[in-house]
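The data block below is start_33.txt; it holds compact mmCIF, N, CA and C atoms.
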# COMPACT_ATOMS: atom_id res chain seq x y z
N MET A 1 210.64 11.30 123.12
CA MET A 1 211.10 10.46 122.03
C MET A 1 210.01 10.29 120.97
N LEU A 2 208.77 10.04 121.43
CA LEU A 2 207.68 9.83 120.49
C LEU A 2 207.41 11.10 119.69
N ARG A 3 207.45 12.25 120.35
CA ARG A 3 207.22 13.51 119.64
C ARG A 3 208.28 13.73 118.56
N ARG A 4 209.52 13.32 118.84
CA ARG A 4 210.57 13.44 117.86
C ARG A 4 210.29 12.56 116.65
N LEU A 5 209.72 11.40 116.90
CA LEU A 5 209.36 10.50 115.80
C LEU A 5 208.20 11.07 114.97
N LEU A 6 207.32 11.82 115.63
CA LEU A 6 206.15 12.38 114.94
C LEU A 6 206.42 13.75 114.32
N LEU A 7 207.59 14.33 114.58
CA LEU A 7 207.89 15.67 114.08
C LEU A 7 207.75 15.78 112.57
N PRO A 8 208.26 14.83 111.76
CA PRO A 8 208.05 14.95 110.31
C PRO A 8 206.56 14.96 109.93
N ARG A 9 205.76 14.18 110.62
CA ARG A 9 204.31 14.17 110.34
C ARG A 9 203.68 15.49 110.75
N ILE A 10 204.10 16.01 111.89
CA ILE A 10 203.57 17.30 112.35
C ILE A 10 203.87 18.37 111.31
N LEU A 11 205.11 18.41 110.84
CA LEU A 11 205.48 19.41 109.83
C LEU A 11 204.72 19.19 108.52
N PHE A 12 204.56 17.94 108.13
CA PHE A 12 203.85 17.63 106.89
C PHE A 12 202.40 18.10 106.96
N PHE A 13 201.69 17.74 108.03
CA PHE A 13 200.28 18.11 108.12
C PHE A 13 200.10 19.61 108.34
N ALA A 14 201.05 20.25 109.02
CA ALA A 14 201.00 21.71 109.15
C ALA A 14 201.15 22.36 107.77
N PHE A 15 202.05 21.83 106.95
CA PHE A 15 202.24 22.34 105.60
C PHE A 15 200.98 22.15 104.75
N ILE A 16 200.39 20.96 104.81
CA ILE A 16 199.19 20.68 104.02
C ILE A 16 198.04 21.59 104.46
N ALA A 17 197.87 21.76 105.77
CA ALA A 17 196.80 22.64 106.26
C ALA A 17 197.03 24.07 105.79
N LEU A 18 198.27 24.54 105.89
CA LEU A 18 198.60 25.89 105.44
C LEU A 18 198.39 26.04 103.93
N LEU A 19 198.81 25.04 103.18
CA LEU A 19 198.63 25.06 101.72
C LEU A 19 197.15 25.16 101.35
N MET A 20 196.32 24.37 101.99
CA MET A 20 194.90 24.35 101.63
C MET A 20 194.18 25.63 102.08
N VAL A 21 194.55 26.15 103.24
CA VAL A 21 193.93 27.41 103.69
C VAL A 21 194.36 28.55 102.77
N ALA A 22 195.63 28.56 102.36
CA ALA A 22 196.10 29.60 101.44
C ALA A 22 195.40 29.48 100.09
N GLU A 23 195.26 28.26 99.60
CA GLU A 23 194.54 28.04 98.33
C GLU A 23 193.10 28.53 98.44
N LEU A 24 192.46 28.19 99.55
CA LEU A 24 191.08 28.60 99.77
C LEU A 24 190.97 30.12 99.84
N TRP A 25 191.78 30.73 100.68
CA TRP A 25 191.65 32.16 100.96
C TRP A 25 192.13 33.04 99.82
N PHE A 26 193.35 32.80 99.37
CA PHE A 26 193.95 33.72 98.40
C PHE A 26 193.57 33.43 96.96
N SER A 27 193.36 32.19 96.63
CA SER A 27 193.08 31.86 95.24
C SER A 27 191.57 31.78 94.97
N ASN A 28 190.92 30.82 95.58
CA ASN A 28 189.52 30.56 95.22
C ASN A 28 188.56 31.58 95.81
N LEU A 29 188.64 31.84 97.10
CA LEU A 29 187.74 32.82 97.71
C LEU A 29 188.05 34.22 97.21
N GLY A 30 189.34 34.50 97.02
CA GLY A 30 189.73 35.81 96.48
C GLY A 30 189.19 36.03 95.09
N SER A 31 189.26 35.00 94.25
CA SER A 31 188.72 35.11 92.89
C SER A 31 187.21 35.26 92.91
N LEU A 32 186.57 34.58 93.83
CA LEU A 32 185.11 34.63 93.91
C LEU A 32 184.62 36.00 94.36
N THR A 33 185.31 36.62 95.29
CA THR A 33 184.82 37.87 95.87
C THR A 33 185.39 39.13 95.23
N ASN A 34 186.56 39.04 94.61
CA ASN A 34 187.19 40.26 94.11
C ASN A 34 186.96 40.52 92.62
N ASN A 35 187.25 39.56 91.78
CA ASN A 35 187.20 39.80 90.35
C ASN A 35 186.65 38.58 89.63
N LEU A 36 185.44 38.22 89.94
CA LEU A 36 184.84 37.03 89.35
C LEU A 36 184.73 37.14 87.83
N GLU A 37 184.35 38.31 87.33
CA GLU A 37 184.21 38.49 85.89
C GLU A 37 185.54 38.32 85.18
N GLY A 38 186.60 38.88 85.75
CA GLY A 38 187.93 38.75 85.16
C GLY A 38 188.44 37.33 85.19
N THR A 39 188.19 36.65 86.30
CA THR A 39 188.60 35.25 86.41
C THR A 39 187.83 34.39 85.41
N ALA A 40 186.54 34.64 85.28
CA ALA A 40 185.73 33.88 84.32
C ALA A 40 186.24 34.10 82.90
N ALA A 41 186.58 35.34 82.56
CA ALA A 41 187.09 35.63 81.22
C ALA A 41 188.44 34.94 81.01
N LEU A 42 189.29 34.97 82.02
CA LEU A 42 190.60 34.33 81.93
C LEU A 42 190.47 32.82 81.73
N MET A 43 189.50 32.22 82.41
CA MET A 43 189.30 30.77 82.31
C MET A 43 188.44 30.38 81.10
N GLY A 44 187.88 31.36 80.42
CA GLY A 44 187.06 31.06 79.25
C GLY A 44 185.70 30.49 79.60
N LEU A 45 185.18 30.88 80.75
CA LEU A 45 183.89 30.37 81.23
C LEU A 45 182.92 31.52 81.44
N SER A 46 181.64 31.19 81.54
CA SER A 46 180.67 32.19 81.93
C SER A 46 180.84 32.49 83.42
N VAL A 47 180.31 33.61 83.85
CA VAL A 47 180.43 33.99 85.26
C VAL A 47 179.75 32.94 86.15
N ALA A 48 178.59 32.46 85.73
CA ALA A 48 177.87 31.46 86.53
C ALA A 48 178.67 30.16 86.62
N ALA A 49 179.27 29.72 85.52
CA ALA A 49 180.06 28.49 85.52
C ALA A 49 181.30 28.64 86.39
N GLU A 50 181.95 29.79 86.32
CA GLU A 50 183.14 30.02 87.14
C GLU A 50 182.77 30.11 88.62
N ARG A 51 181.63 30.72 88.93
CA ARG A 51 181.18 30.79 90.33
C ARG A 51 180.97 29.38 90.87
N THR A 52 180.29 28.55 90.10
CA THR A 52 180.06 27.17 90.53
C THR A 52 181.37 26.41 90.71
N ARG A 53 182.29 26.58 89.75
CA ARG A 53 183.59 25.91 89.84
C ARG A 53 184.35 26.34 91.09
N LEU A 54 184.34 27.63 91.38
CA LEU A 54 185.04 28.13 92.56
C LEU A 54 184.38 27.66 93.85
N LEU A 55 183.06 27.60 93.89
CA LEU A 55 182.38 27.13 95.09
C LEU A 55 182.71 25.66 95.37
N VAL A 56 182.77 24.85 94.33
CA VAL A 56 183.15 23.44 94.51
C VAL A 56 184.58 23.36 95.03
N LEU A 57 185.49 24.14 94.45
CA LEU A 57 186.88 24.13 94.89
C LEU A 57 187.02 24.63 96.34
N ILE A 58 186.23 25.62 96.70
CA ILE A 58 186.25 26.12 98.08
C ILE A 58 185.80 25.03 99.05
N ALA A 59 184.75 24.30 98.70
CA ALA A 59 184.27 23.22 99.56
C ALA A 59 185.33 22.13 99.70
N LEU A 60 185.98 21.77 98.61
CA LEU A 60 187.01 20.73 98.67
C LEU A 60 188.26 21.21 99.40
N ASP A 61 188.61 22.49 99.25
CA ASP A 61 189.71 23.07 100.04
C ASP A 61 189.41 22.96 101.52
N THR A 62 188.17 23.26 101.89
CA THR A 62 187.77 23.23 103.30
C THR A 62 187.87 21.81 103.86
N VAL A 63 187.40 20.83 103.12
CA VAL A 63 187.48 19.43 103.56
C VAL A 63 188.94 19.03 103.77
N ALA A 64 189.79 19.34 102.80
CA ALA A 64 191.20 18.96 102.89
C ALA A 64 191.89 19.68 104.05
N ALA A 65 191.61 20.97 104.22
CA ALA A 65 192.23 21.73 105.30
C ALA A 65 191.78 21.22 106.67
N LEU A 66 190.51 20.95 106.83
CA LEU A 66 190.01 20.42 108.11
C LEU A 66 190.62 19.05 108.40
N GLY A 67 190.71 18.21 107.39
CA GLY A 67 191.33 16.90 107.57
C GLY A 67 192.79 17.03 108.01
N ALA A 68 193.54 17.92 107.36
CA ALA A 68 194.94 18.13 107.73
C ALA A 68 195.06 18.68 109.14
N LEU A 69 194.15 19.57 109.53
CA LEU A 69 194.18 20.10 110.90
C LEU A 69 193.88 19.02 111.94
N VAL A 70 192.91 18.17 111.64
CA VAL A 70 192.60 17.06 112.56
C VAL A 70 193.80 16.12 112.67
N ALA A 71 194.43 15.82 111.54
CA ALA A 71 195.61 14.96 111.55
C ALA A 71 196.75 15.62 112.32
N LEU A 72 196.92 16.91 112.15
CA LEU A 72 197.95 17.65 112.88
C LEU A 72 197.72 17.59 114.38
N ILE A 73 196.49 17.82 114.80
CA ILE A 73 196.16 17.73 116.22
C ILE A 73 196.36 16.31 116.73
N GLY A 74 196.00 15.32 115.93
CA GLY A 74 196.22 13.93 116.30
C GLY A 74 197.70 13.62 116.48
N CYS A 75 198.54 14.19 115.65
CA CYS A 75 199.99 14.00 115.80
C CYS A 75 200.52 14.68 117.06
N ILE A 76 200.09 15.91 117.28
CA ILE A 76 200.57 16.67 118.44
C ILE A 76 200.13 16.02 119.75
N ARG A 77 198.89 15.54 119.79
CA ARG A 77 198.37 14.94 121.02
C ARG A 77 198.62 13.44 121.09
N ASP A 78 199.29 12.89 120.11
CA ASP A 78 199.62 11.47 120.04
C ASP A 78 198.35 10.60 120.09
N ARG A 79 197.44 10.93 119.23
CA ARG A 79 196.19 10.17 119.08
C ARG A 79 196.18 9.57 117.67
N SER A 80 196.53 8.30 117.58
CA SER A 80 196.71 7.68 116.27
C SER A 80 195.39 7.59 115.49
N ARG A 81 194.30 7.33 116.16
CA ARG A 81 193.01 7.26 115.46
C ARG A 81 192.62 8.62 114.89
N MET A 82 192.85 9.65 115.68
CA MET A 82 192.54 11.00 115.23
C MET A 82 193.43 11.37 114.04
N ARG A 83 194.71 11.02 114.12
CA ARG A 83 195.64 11.29 113.04
C ARG A 83 195.19 10.58 111.76
N ARG A 84 194.85 9.31 111.88
CA ARG A 84 194.43 8.54 110.71
C ARG A 84 193.12 9.07 110.12
N ALA A 85 192.16 9.39 110.98
CA ALA A 85 190.88 9.92 110.49
C ALA A 85 191.09 11.26 109.78
N GLY A 86 191.90 12.12 110.36
CA GLY A 86 192.19 13.40 109.72
C GLY A 86 192.93 13.23 108.41
N ALA A 87 193.88 12.30 108.40
CA ALA A 87 194.64 12.05 107.17
C ALA A 87 193.73 11.52 106.07
N MET A 88 192.81 10.64 106.43
CA MET A 88 191.89 10.10 105.42
C MET A 88 190.95 11.19 104.90
N LEU A 89 190.47 12.04 105.79
CA LEU A 89 189.60 13.14 105.36
C LEU A 89 190.38 14.12 104.49
N GLY A 90 191.59 14.46 104.91
CA GLY A 90 192.42 15.36 104.10
C GLY A 90 192.75 14.76 102.75
N ALA A 91 193.10 13.48 102.75
CA ALA A 91 193.42 12.80 101.49
C ALA A 91 192.20 12.77 100.57
N LEU A 92 191.04 12.51 101.14
CA LEU A 92 189.81 12.50 100.34
C LEU A 92 189.57 13.88 99.71
N GLY A 93 189.70 14.94 100.51
CA GLY A 93 189.53 16.29 99.98
C GLY A 93 190.53 16.61 98.89
N LEU A 94 191.80 16.22 99.09
CA LEU A 94 192.83 16.48 98.09
C LEU A 94 192.60 15.67 96.81
N LEU A 95 192.24 14.41 96.97
CA LEU A 95 191.98 13.57 95.79
C LEU A 95 190.80 14.11 94.99
N LEU A 96 189.73 14.45 95.68
CA LEU A 96 188.56 15.00 94.97
C LEU A 96 188.88 16.35 94.33
N TYR A 97 189.68 17.16 95.01
CA TYR A 97 190.11 18.45 94.46
C TYR A 97 190.89 18.22 93.17
N GLY A 98 191.84 17.29 93.22
CA GLY A 98 192.64 16.99 92.04
C GLY A 98 191.81 16.41 90.91
N LEU A 99 190.91 15.49 91.24
CA LEU A 99 190.05 14.91 90.21
C LEU A 99 189.13 15.95 89.58
N TYR A 100 188.62 16.86 90.41
CA TYR A 100 187.74 17.91 89.88
C TYR A 100 188.52 18.84 88.96
N GLN A 101 189.74 19.22 89.37
CA GLN A 101 190.56 20.08 88.52
C GLN A 101 190.89 19.37 87.20
N LEU A 102 191.22 18.10 87.28
CA LEU A 102 191.54 17.32 86.09
C LEU A 102 190.32 17.21 85.17
N ALA A 103 189.17 16.91 85.75
CA ALA A 103 187.94 16.79 84.95
C ALA A 103 187.56 18.13 84.33
N SER A 104 187.66 19.21 85.10
CA SER A 104 187.30 20.52 84.53
C SER A 104 188.29 20.92 83.43
N ALA A 105 189.56 20.52 83.58
CA ALA A 105 190.54 20.81 82.53
C ALA A 105 190.19 20.07 81.25
N LEU A 106 189.77 18.83 81.38
CA LEU A 106 189.50 18.02 80.20
C LEU A 106 188.14 18.33 79.56
N ILE A 107 187.17 18.74 80.36
CA ILE A 107 185.80 18.88 79.87
C ILE A 107 185.37 20.34 79.70
N GLN A 108 185.74 21.19 80.65
CA GLN A 108 185.13 22.50 80.74
C GLN A 108 186.01 23.64 80.21
N LEU A 109 187.30 23.56 80.42
CA LEU A 109 188.18 24.69 80.13
C LEU A 109 188.66 24.68 78.68
N PRO A 110 189.07 25.85 78.17
CA PRO A 110 189.56 25.92 76.79
C PRO A 110 190.89 25.18 76.63
N PRO A 111 191.23 24.80 75.42
CA PRO A 111 192.44 23.99 75.19
C PRO A 111 193.73 24.60 75.71
N GLU A 112 193.87 25.91 75.68
CA GLU A 112 195.12 26.53 76.13
C GLU A 112 195.34 26.41 77.64
N LEU A 113 194.31 26.11 78.40
CA LEU A 113 194.43 25.95 79.86
C LEU A 113 194.44 24.49 80.30
N ARG A 114 194.13 23.59 79.41
CA ARG A 114 193.99 22.18 79.79
C ARG A 114 195.26 21.60 80.39
N GLY A 115 196.40 21.89 79.80
CA GLY A 115 197.66 21.33 80.30
C GLY A 115 198.00 21.82 81.69
N THR A 116 197.89 23.13 81.91
CA THR A 116 198.25 23.71 83.20
C THR A 116 197.31 23.24 84.31
N ILE A 117 196.02 23.36 84.09
CA ILE A 117 195.05 22.98 85.12
C ILE A 117 195.04 21.46 85.31
N GLY A 118 195.23 20.71 84.23
CA GLY A 118 195.33 19.26 84.35
C GLY A 118 196.53 18.85 85.18
N LEU A 119 197.67 19.54 84.99
CA LEU A 119 198.86 19.26 85.80
C LEU A 119 198.61 19.59 87.27
N VAL A 120 197.94 20.69 87.52
CA VAL A 120 197.59 21.05 88.90
C VAL A 120 196.74 19.94 89.51
N GLY A 121 195.79 19.43 88.77
CA GLY A 121 194.96 18.33 89.26
C GLY A 121 195.78 17.10 89.59
N LEU A 122 196.71 16.75 88.72
CA LEU A 122 197.57 15.58 88.99
C LEU A 122 198.46 15.79 90.21
N ILE A 123 198.94 17.01 90.40
CA ILE A 123 199.77 17.31 91.58
C ILE A 123 198.95 17.14 92.85
N TYR A 124 197.71 17.64 92.85
CA TYR A 124 196.86 17.49 94.04
C TYR A 124 196.50 16.03 94.29
N ILE A 125 196.32 15.25 93.25
CA ILE A 125 196.08 13.82 93.42
C ILE A 125 197.30 13.17 94.08
N GLY A 126 198.49 13.54 93.62
CA GLY A 126 199.72 13.02 94.23
C GLY A 126 199.87 13.42 95.68
N ILE A 127 199.55 14.67 96.01
CA ILE A 127 199.62 15.12 97.40
C ILE A 127 198.59 14.38 98.24
N GLY A 128 197.42 14.11 97.67
CA GLY A 128 196.40 13.34 98.39
C GLY A 128 196.86 11.94 98.71
N ILE A 129 197.50 11.29 97.74
CA ILE A 129 198.03 9.94 97.98
C ILE A 129 199.12 9.98 99.05
N LEU A 130 200.00 10.97 98.97
CA LEU A 130 201.05 11.12 99.98
C LEU A 130 200.46 11.38 101.37
N THR A 131 199.41 12.18 101.43
CA THR A 131 198.74 12.45 102.71
C THR A 131 198.18 11.16 103.30
N TRP A 132 197.57 10.35 102.47
CA TRP A 132 197.04 9.06 102.91
C TRP A 132 198.16 8.19 103.49
N ILE A 133 199.26 8.09 102.77
CA ILE A 133 200.38 7.25 103.20
C ILE A 133 200.99 7.76 104.51
N VAL A 134 201.26 9.05 104.58
CA VAL A 134 201.89 9.62 105.78
C VAL A 134 200.99 9.48 106.99
N GLY A 135 199.71 9.68 106.80
CA GLY A 135 198.79 9.68 107.94
C GLY A 135 198.36 8.32 108.42
N THR A 136 198.41 7.31 107.55
CA THR A 136 197.88 6.02 107.97
C THR A 136 198.94 4.97 108.28
N ARG A 137 200.19 5.25 107.97
CA ARG A 137 201.21 4.25 108.31
C ARG A 137 201.45 4.27 109.82
N PRO A 138 201.81 3.14 110.39
CA PRO A 138 201.98 3.07 111.85
C PRO A 138 203.16 3.91 112.32
N THR A 139 203.08 4.35 113.55
CA THR A 139 204.20 5.05 114.18
C THR A 139 205.30 4.03 114.42
N PRO A 140 206.55 4.37 114.17
CA PRO A 140 207.64 3.38 114.27
C PRO A 140 207.71 2.64 115.60
N ASP A 141 207.43 3.29 116.72
CA ASP A 141 207.59 2.60 118.00
C ASP A 141 206.36 1.76 118.37
N VAL A 142 205.28 1.84 117.59
CA VAL A 142 204.10 1.03 117.87
C VAL A 142 204.35 -0.43 117.54
N HIS A 143 205.12 -0.66 116.49
CA HIS A 143 205.44 -2.02 116.05
C HIS A 143 206.95 -2.20 116.06
N PRO A 144 207.54 -2.48 117.24
CA PRO A 144 209.00 -2.59 117.29
C PRO A 144 209.49 -3.78 116.47
N SER A 145 210.71 -3.64 115.99
CA SER A 145 211.27 -4.76 115.21
C SER A 145 211.50 -5.95 116.09
N ARG A 146 211.42 -7.13 115.49
CA ARG A 146 211.52 -8.35 116.28
C ARG A 146 212.89 -8.93 116.23

This entry written out as structure tokens:
Amino acid sequence: MLRRLLLPRILFFAFIALLMVAELWFSNLGSLTNNLEGTAALMGLSVAAERTRLLVLIALDTVAALGALVALIGCIRDRSRMRRAGAMLGALGLLLYGLYQLASALIQLPPELRGTIGLVGLIYIGIGILTWIVGTRPTPDVHPSR
């Protein structure tokens, strides 16, 4: 019964972990290792600035993915403290990722990219807030109705 109650959380944290690993592997790490010069030109940055930006994003992807994995394991093993700690770590990584994207859109990137990258930042901030809410709210059977 408890696992059935936690199934939506399990699916949510599995999705977040998969999303962050895919972002890390295919987008940021792929851009860093395959075509850094082309990515820098596309973003309107120098190669050194784009390398730094990608390394920061890779670090934040890693934090968010590890947090989601810890929360996922906490859900599967029914460990509420582990779930909450993982959710908070994942939410922190997602919030910082979103804030960094938003800040780089407003400060660093050319005007034609500001809207798109800024929107991506806001989406990640929203996902971070949702991760915090999903991971830290009590399990329904922990606090039965009176």

**Asked** So how many Å separate atom C of Ile127 (chain A) and CA of Leu89 (chain A), to one decimal?
**Response**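 Taking atom C of Ile127 (chain A) as the start and CA of Leu89 (chain A) as the end point, the length is 11.5 Å.
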
**Request:** Take atom C of Ser31 (chain A) and CA of Leu54 (chain A) and report the distance between them in Å, one decimal.
**Result:**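 Calculated distance between atom C of Ser31 (chain A) and CA of Leu54 (chain A) is 7.5 Å.
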
**Within 12 Å of file point (206.9, 11.4, 111.2), counting only C-alpha atoms, expressed as an MDAnalysis selection string** = chainID A and resid 1:13 71:72 75:76 78 80 83 131 133:141

**Asked** Of the candidates A:Ala87, A:Gln108, A:Leu42, A:Gln101, which shows the shortest atom-to-atom distance to Gly121 (chain A), using only C-alpha atoms?
**Response** A:Gln101

**Item:** Residue list (helix (DSSP H, G or I), DSSP) for chain A, as an NGL selection string
**Value:** :A and (2-33 or 36-43 or 47-76 or 80-107 or 111-136)

**Request:** Choose the residue, out of A:Trp25, A:Leu19, A:Met43, A:Ala91, that has the smallest atom-to-atom separation from Leu113 (chain A); count only C-alpha atoms.
**Result:**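 Selected residue with least distance to Leu113 (chain A): A:Met43.
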
**Message:** So the first atom is atom N of Leu66 (chain A) and the second is CA of Gly30 (chain A); what is the distance between them in Å, to one decimal place?
**Reply:** 18.1 Å

**Message:** Can you tell me which residues surround Val120 (chain A) at a distance of at most 8 Å, considering all atoms listed in the file, apart from same-chain residues fewer than 6 positions away, and format the answer as a list in words?
**Reply:** Tyr97, Gly98, Leu99, Gln101, Leu102, Arg114 and Gly126 of chain A

**Prompt:** Taking (192.7, 8.9, 97.3) in the file's coordinates as the center, which residues reach within 7 Å of it, counting all atoms listed in the file, put as a list in words?
**Reply:**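 These residues have at least one counted atom within 7 Å: Ala91, Leu92, Leu94, Leu95, Leu96, Gly128 and Ile129 of chain A.
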
**A:Leu109, A:Leu18, A:Gly93, A:Trp132 ranked by distance to Thr62 (chain A), top pick (using all atoms listed in the file)** =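 Closest to Thr62 (chain A), using all atoms listed in the file: A:Gly93.
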